[in-house]
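Asks: Below is the file structure.tsv, which contains TSV, C-alpha atoms.
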chain	number	residue	atom	x	y	z
A	1	MET	CA	0.00	0.00	0.00
A	2	GLU	CA	1.31	3.43	-0.97
A	3	LYS	CA	1.91	5.79	1.93
A	4	LYS	CA	0.07	9.10	1.53
A	5	THR	CA	2.20	12.24	1.88
A	6	ASP	CA	1.19	14.73	4.57
A	7	ARG	CA	-0.43	17.89	3.14
A	8	ARG	CA	1.94	20.08	5.15
A	9	VAL	CA	4.93	18.38	3.54
A	10	ILE	CA	3.43	18.92	0.08
A	11	LYS	CA	2.68	22.57	0.86
A	12	THR	CA	6.17	23.20	2.26
A	13	LYS	CA	7.92	21.51	-0.66
A	14	HIS	CA	5.78	23.45	-3.14
A	15	ALA	CA	6.77	26.70	-1.39
A	16	ILE	CA	10.44	25.67	-1.59
A	17	PHE	CA	10.12	24.79	-5.29
A	18	LYS	CA	8.35	28.04	-6.11
A	19	ALA	CA	10.89	30.08	-4.14
A	20	PHE	CA	13.77	28.29	-5.86
A	21	VAL	CA	12.35	28.84	-9.34
A	22	GLU	CA	11.61	32.50	-8.60
A	23	LEU	CA	15.21	32.92	-7.45
A	24	LEU	CA	16.44	31.22	-10.63
A	25	ASN	CA	14.72	34.02	-12.52
A	26	GLU	CA	16.76	36.55	-10.55
A	27	LYS	CA	20.22	35.01	-10.24
A	28	ASP	CA	22.47	32.18	-11.26
A	29	ILE	CA	21.97	28.88	-9.47
A	30	ASN	CA	25.46	29.13	-7.92
A	31	GLN	CA	24.42	32.38	-6.23
A	32	ILE	CA	21.26	30.96	-4.62
A	33	THR	CA	21.65	30.15	-0.95
A	34	ILE	CA	19.57	28.11	1.43
A	35	THR	CA	18.83	31.32	3.32
A	36	ASP	CA	17.52	32.90	0.09
A	37	ILE	CA	15.18	29.96	-0.48
A	38	ALA	CA	14.03	29.82	3.15
A	39	LYS	CA	13.24	33.54	3.26
A	40	ARG	CA	11.38	33.45	-0.06
A	41	ALA	CA	9.44	30.31	0.93
A	42	ASN	CA	8.63	31.82	4.35
A	43	ILE	CA	10.18	28.89	6.23
A	44	ASN	CA	13.20	28.62	8.48
A	45	ARG	CA	16.50	27.01	7.50
A	46	LYS	CA	15.85	24.01	9.76
A	47	THR	CA	12.65	23.26	7.83
A	48	PHE	CA	14.63	23.41	4.59
A	49	TYR	CA	17.14	20.91	5.98
A	50	ASN	CA	14.30	18.56	6.92
A	51	TYR	CA	13.86	17.97	3.18
A	52	TYR	CA	17.13	18.87	1.45
A	53	SER	CA	20.83	18.94	2.24
A	54	ASP	CA	21.64	21.66	-0.27
A	55	VAL	CA	20.35	23.81	-3.13
A	56	ASN	CA	21.24	21.14	-5.70
A	57	GLY	CA	18.90	18.73	-3.94
A	58	VAL	CA	15.99	21.07	-4.69
A	59	MET	CA	17.04	21.37	-8.31
A	60	GLU	CA	17.35	17.60	-8.67
A	61	GLU	CA	13.93	16.95	-7.15
A	62	ILE	CA	12.31	19.53	-9.42
A	63	GLN	CA	13.94	17.87	-12.43
A	64	ASN	CA	12.73	14.45	-11.34
A	65	LEU	CA	9.20	15.62	-10.57
A	66	VAL	CA	8.78	17.47	-13.87
A	67	VAL	CA	10.04	14.50	-15.86
A	68	ALA	CA	7.96	12.04	-13.81
A	69	ALA	CA	4.80	14.11	-14.28
A	70	PHE	CA	5.35	14.27	-18.00
A	71	ILE	CA	6.16	10.56	-18.34
A	72	LYS	CA	3.11	9.67	-16.21
A	73	ASN	CA	0.92	11.78	-18.45
A	74	ILE	CA	2.24	10.39	-21.74
A	75	GLY	CA	2.44	6.84	-20.41
A	76	THR	CA	-1.14	6.17	-21.43
A	77	ILE	CA	-0.55	6.96	-25.10
A	78	GLU	CA	-0.70	3.98	-27.45
A	79	PHE	CA	1.61	4.04	-30.44
A	80	THR	CA	-0.43	3.35	-33.57
A	81	ASN	CA	1.33	5.70	-35.98
A	82	MET	CA	3.78	8.57	-35.68
A	83	ALA	CA	1.27	11.33	-36.48
A	84	ASP	CA	-1.23	10.31	-33.79
A	85	PHE	CA	1.55	9.55	-31.31
A	86	LEU	CA	3.14	13.01	-31.68
A	87	THR	CA	-0.24	14.72	-31.53
A	88	GLU	CA	-1.03	12.94	-28.27
A	89	ILE	CA	2.38	13.80	-26.83
A	90	PHE	CA	1.73	17.51	-27.51
A	91	ILE	CA	-1.71	17.25	-25.92
A	92	LYS	CA	-0.32	15.50	-22.83
A	93	PHE	CA	2.57	17.96	-22.55
A	94	THR	CA	0.06	20.80	-22.65
A	95	GLU	CA	-2.08	19.12	-19.97
A	96	THR	CA	0.99	18.66	-17.77
A	97	VAL	CA	2.00	22.32	-18.08
A	98	ASN	CA	-1.58	23.55	-17.62
A	99	HIS	CA	-1.81	21.60	-14.35
A	100	ASP	CA	0.53	24.17	-12.75
A	101	LEU	CA	0.89	26.92	-15.36
A	102	GLU	CA	2.36	29.46	-12.93
A	103	PHE	CA	5.14	27.09	-11.81
A	104	TYR	CA	6.04	25.94	-15.33
A	105	GLY	CA	5.93	29.52	-16.54
A	106	LEU	CA	8.48	30.54	-13.92
A	107	LEU	CA	10.59	27.45	-14.62
A	108	PHE	CA	10.70	27.95	-18.37
A	109	LYS	CA	11.46	31.67	-18.02
A	110	THR	CA	14.66	31.09	-16.04
A	111	ASN	CA	18.06	31.50	-17.61
A	112	ASN	CA	19.00	28.30	-15.80
A	113	HIS	CA	16.57	25.96	-17.56
A	114	SER	CA	19.17	24.00	-19.53
A	115	PHE	CA	19.52	21.45	-16.72
A	116	LEU	CA	15.87	20.58	-17.11
A	117	ILE	CA	15.86	20.54	-20.90
A	118	VAL	CA	18.74	18.06	-21.08
A	119	LYS	CA	16.96	15.72	-18.70
A	120	ILE	CA	13.58	16.00	-20.45
A	121	VAL	CA	15.13	15.45	-23.88
A	122	ASP	CA	17.02	12.37	-22.70
A	123	ILE	CA	14.01	10.82	-20.96
A	124	LEU	CA	11.69	11.59	-23.88
A	125	ARG	CA	14.11	10.16	-26.41
A	126	LYS	CA	14.33	6.90	-24.50
A	127	TYR	CA	10.60	6.76	-23.88
A	128	VAL	CA	9.57	7.48	-27.48
A	129	GLN	CA	12.13	5.00	-28.79
A	130	GLN	CA	10.86	2.29	-26.44
A	131	ARG	CA	7.24	2.90	-27.38
A	132	ILE	CA	7.91	2.88	-31.12
A	133	GLU	CA	10.06	-0.24	-30.90
A	134	GLU	CA	7.16	-2.07	-29.29
A	135	THR	CA	5.39	-2.06	-32.65
A	136	GLU	CA	7.98	-1.55	-35.38
A	137	THR	CA	11.67	-1.72	-36.29
A	138	LEU	CA	13.41	1.61	-36.00
A	139	ASP	CA	16.08	3.08	-38.26
A	140	GLN	CA	18.30	4.23	-35.37
A	141	LYS	CA	20.21	6.89	-37.34
A	142	ARG	CA	17.06	8.58	-38.69
A	143	PHE	CA	15.33	8.30	-35.32
A	144	LYS	CA	18.20	9.97	-33.43
A	145	VAL	CA	18.39	12.84	-35.91
A	146	ALA	CA	14.61	13.33	-35.84
A	147	VAL	CA	14.45	13.28	-32.04
A	148	ASP	CA	17.49	15.55	-31.63
A	149	LEU	CA	15.88	18.00	-34.05
A	150	CYS	CA	12.32	17.88	-32.76
A	151	ILE	CA	12.36	17.52	-28.97
A	152	PRO	CA	14.75	20.38	-28.08
A	153	GLY	CA	13.03	22.56	-30.69
A	154	ILE	CA	9.61	21.83	-29.26
A	155	ILE	CA	10.73	22.56	-25.71
A	156	SER	CA	12.39	25.77	-26.92
A	157	VAL	CA	9.15	26.90	-28.57
A	158	TYR	CA	7.22	26.29	-25.34
A	159	MET	CA	9.85	28.22	-23.35
A	160	ASN	CA	9.62	31.12	-25.80
A	161	TRP	CA	5.85	31.07	-25.45
A	162	PHE	CA	6.18	31.52	-21.69
A	163	THR	CA	8.97	34.08	-21.93
A	164	ASN	CA	7.42	36.27	-24.62
A	165	SER	CA	3.77	36.16	-23.54
A	166	TYR	CA	2.37	35.38	-26.97
A	167	ASP	CA	-1.24	36.29	-27.66
A	168	TYR	CA	-2.39	32.73	-28.34
A	169	SER	CA	-3.15	29.86	-26.00
A	170	ILE	CA	-0.88	26.97	-25.18
A	171	GLU	CA	-3.41	24.71	-26.91
A	172	GLU	CA	-3.03	26.74	-30.12
A	173	LEU	CA	0.73	26.48	-29.75
A	174	SER	CA	0.50	22.69	-29.43
A	175	SER	CA	-1.67	22.54	-32.52
A	176	LEU	CA	0.80	24.64	-34.53
A	177	LEU	CA	3.72	22.51	-33.38
A	178	THR	CA	1.92	19.32	-34.31
A	179	ASP	CA	1.18	20.68	-37.77
A	180	PHE	CA	4.77	21.85	-38.32
A	181	ILE	CA	6.26	18.56	-37.16
A	182	LEU	CA	3.88	16.36	-39.12
A	183	ASN	CA	3.55	18.44	-42.29
A	184	GLY	CA	6.77	20.40	-42.40
A	185	ILE	CA	7.51	24.09	-42.26
A	186	GLN	CA	7.38	24.66	-46.01
A	187	LYS	CA	3.81	23.35	-46.28
A	188	ASN	CA	2.78	25.67	-43.44
A	189	TRP	CA	4.59	28.74	-44.75
A	190	PRO	CA	2.34	31.63	-45.86
A	191	GLY	CA	1.70	31.51	-49.60
A	192	ASN	CA	2.21	27.74	-49.93
Please express what this file holds, its structure, as structure tokens.

Replies:
Amino acid sequence: MEKKTDRRVIKTKHAIFKAFVELLNEKDINQITITDIAKRANINRKTFYNYYSDVNGVMEEIQNLVVAAFIKNIGTIEFTNMADFLTEIFIKFTETVNHDLEFYGLLFKTNNHSFLIVKIVDILRKYVQQRIEETETLDQKRFKVAVDLCIPGIISVYMNWFTNSYDYSIEELSSLLTDFILNGIQKNWPGN
């Protein structure tokens, strides 16, 4: 039986995460101190140490939670063909981000987001490869090039959406990305 986490623990960790991400928007990760996080999260240093030994522990847990949430959300997608699979991945990614839009917005706006992108790209690459290989043989060279092109680009587009406050919804963004990935940029270019 799975042990249920105390609401106070969840609330405290969420405050720590939010404080950490807000601070990442203001300074480099190497300049963030435990005192900074504790003050911003409205907790004392001892409470921080109940959960983490250092600032990197917070960063690592955020990475793991973001990736786990995304993998959990896309884990229900069945691979029938690439078009439907990619469309569903965009939909699930959007659902994951919408679940805590404020947090993801802060996270994607930071100048220190590369740590997260590398982890998401690696996990997604492995996950997509595993799912596709369940139903068909994969040309490894073409797959790696396609994934290395698409996944970082997609994540970059989402980060730009958060950073630049575009005047269209995240759902519209997902739809545009799906169309570009599946049909190519040239087909979607004005005048074509």

Asks: Might you pull out every residue within 9 Å of Asn73 of chain A, with only C-alpha atoms counted and same-chain residues fewer than 5 positions away left off, and present them as a list in words?

Replies: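 My list of contacting residues is Ala68, Ile89, Lys92, Phe93, Glu95 and Thr96 of chain A.
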
Asks: Between A:Thr135, A:Gln129, A:Ser165, A:Asn42, which residue has the minimum interatomic distance to Phe108 of chain A, considering only C-alpha atoms?

Replies: A:Ser165

Asks: I need the residue nearest Phe48 of chain A from this list: A:Lys27, A:His14, A:His99, A:Arg125. Use all atoms listed in the file for the distance.

Replies: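 The answer is A:His14, which sits nearest to Phe48 of chain A.
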
Asks: What gap, in Å, lies between atom CA of Phe90 of chain A and atom CA of Leu23 of chain A?

Replies: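 Value for the atom CA of Phe90 of chain A-atom CA of Leu23 of chain A distance: 28.7 Å.
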
Asks: Would you mind telling me which residue in A:Thr87, A:Gln63, A:Thr110, A:Thr35 lies nearest to Glu22 of chain A when using only C-alpha atoms?

Replies: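 Ranking A:Thr87, A:Gln63, A:Thr110, A:Thr35 by distance to Glu22 of chain A, first place goes to A:Thr110.
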
Asks: Work out how far atom CA of Leu65 of chain A is from atom CA of Asp167 of chain A, in Å to one decimal.

Replies: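 Those two atoms sit 28.8 Å apart.
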